[in-house]
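The structure under discussion appears below in the form of structure tokens.
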Amino acid sequence: MQNFHRLAILALPAALTLSACATTRGAPLPDGSDVALGQKAYVDGPIVQPVEVLEDSRCPMNARCVWAGRVRVKMVWVRGNGEKQPFEATLGEPVQLADGKFTLESVRPEKRTDRAIKPADYRFSLRFAGGL
């Protein structure tokens, strides 16, 4: 019986640590300054989540291009009732969302000719300018 109590005492901190991870994993980030694919973030009010890079045709930083290219990202707006509304954001182009404008402000890392960007490496800066 004494061994059972020792085991229970040792297992309790591990269980608490795992439960803490489980509850914070789905929590939105406090702002939209450094958001990865699949992460939810509060963006000046709305909660949004980048889901997929649809296009990344940016000119690589170590190349010369005729066209600067663009980035398009499939996003989800998580409404107050839990409903998810998909929309598309293009780098630098405001899009109407609720009572304001949502903007995909920047995409990191820079594109290069000598290496591909893995989906897990993308980071986005997002902004929302609400209505009056």
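Identifiers in the structure tokens: chain A, B, ... in order shown; residue index from 1 per chain; ligand index from 1 in order shown.
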Which polymer residues have any atom within 9 Å of an atom of Glu55 of chain A, counting only C-alpha atoms, with same-chain residues fewer than 6 positions away left out, as number ranges by chain? A: 70-73
Identify, on the basis of only C-alpha atoms, every residue whose closest approach to Ala120 of chain A does not exceed 12 Å; exclude the query and any residue fewer than 4 positions from it along the same chain; express the result as an MDAnalysis selection string. chainID A and resid 35:39 50:53 108:109 116 124
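Each of A:Ala27, A:Ile47, A:Trp67, A:Glu93 was compared to Asn81 of chain A using only C-alpha atoms, and A:Ile47 turns out to be the nearest.
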Can you list, as a PyMOL selection string, every protein, DNA or RNA residue that comes within 7 Å of Val107 of chain A when you count only C-alpha atoms, leaving out same-chain residues fewer than 6 positions away? chain A and resi 122-125
Write out as a PDB file with C-alpha atoms, in the first residue's frame the residues lying within 10 Å of Asn62 of chain A, counting only C-alpha atoms and excluding same-chain residues fewer than 5 positions away.
ATOM      1  CA  GLU A 110      11.482  35.698 -46.438  1.00  0.00           C
ATOM      2  CA  LYS A 111      11.337  33.508 -49.502  1.00  0.00           C
ATOM      3  CA  ARG A 112      14.703  32.276 -50.874  1.00  0.00           C
ATOM      4  CA  THR A 113      15.783  30.414 -54.005  1.00  0.00           C
ATOM      5  CA  ASP A 114      17.969  27.943 -52.092  1.00  0.00           C
TER       6      ASP A 114
END
Residue among A:Lys101, A:Lys84, A:Arg127, A:Arg64 lying closest to Ser33 of chain A, counting only C-alpha atoms: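 With only C-alpha atoms as the atom set, the closest residue is A:Arg127.
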Name the residues of segment 14-132 of chain A that fall into strand (DSSP E or B) according to DSSP on the backbone, using the chain letters and numbers of this document, as number ranges by chain. A: 29, 35, 41-42, 47-56, 71-78, 84-90, 93, 95-97, 100-108, 123-129
Taking only C-alpha atoms into account, which of A:Gln49, A:Gly26, A:Tyr42, A:Asp56 comes nearest Lys118 of chain A?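 With only C-alpha atoms as the atom set, the closest residue is A:Asp56.
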10 Å contact set for Gly45 of chain A, only C-alpha atoms, chain neighbours under 6 positions out, as a list in words: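 The neighbour list is Asp31, Arg127, Phe128, Ala129 and Gly130 of chain A.
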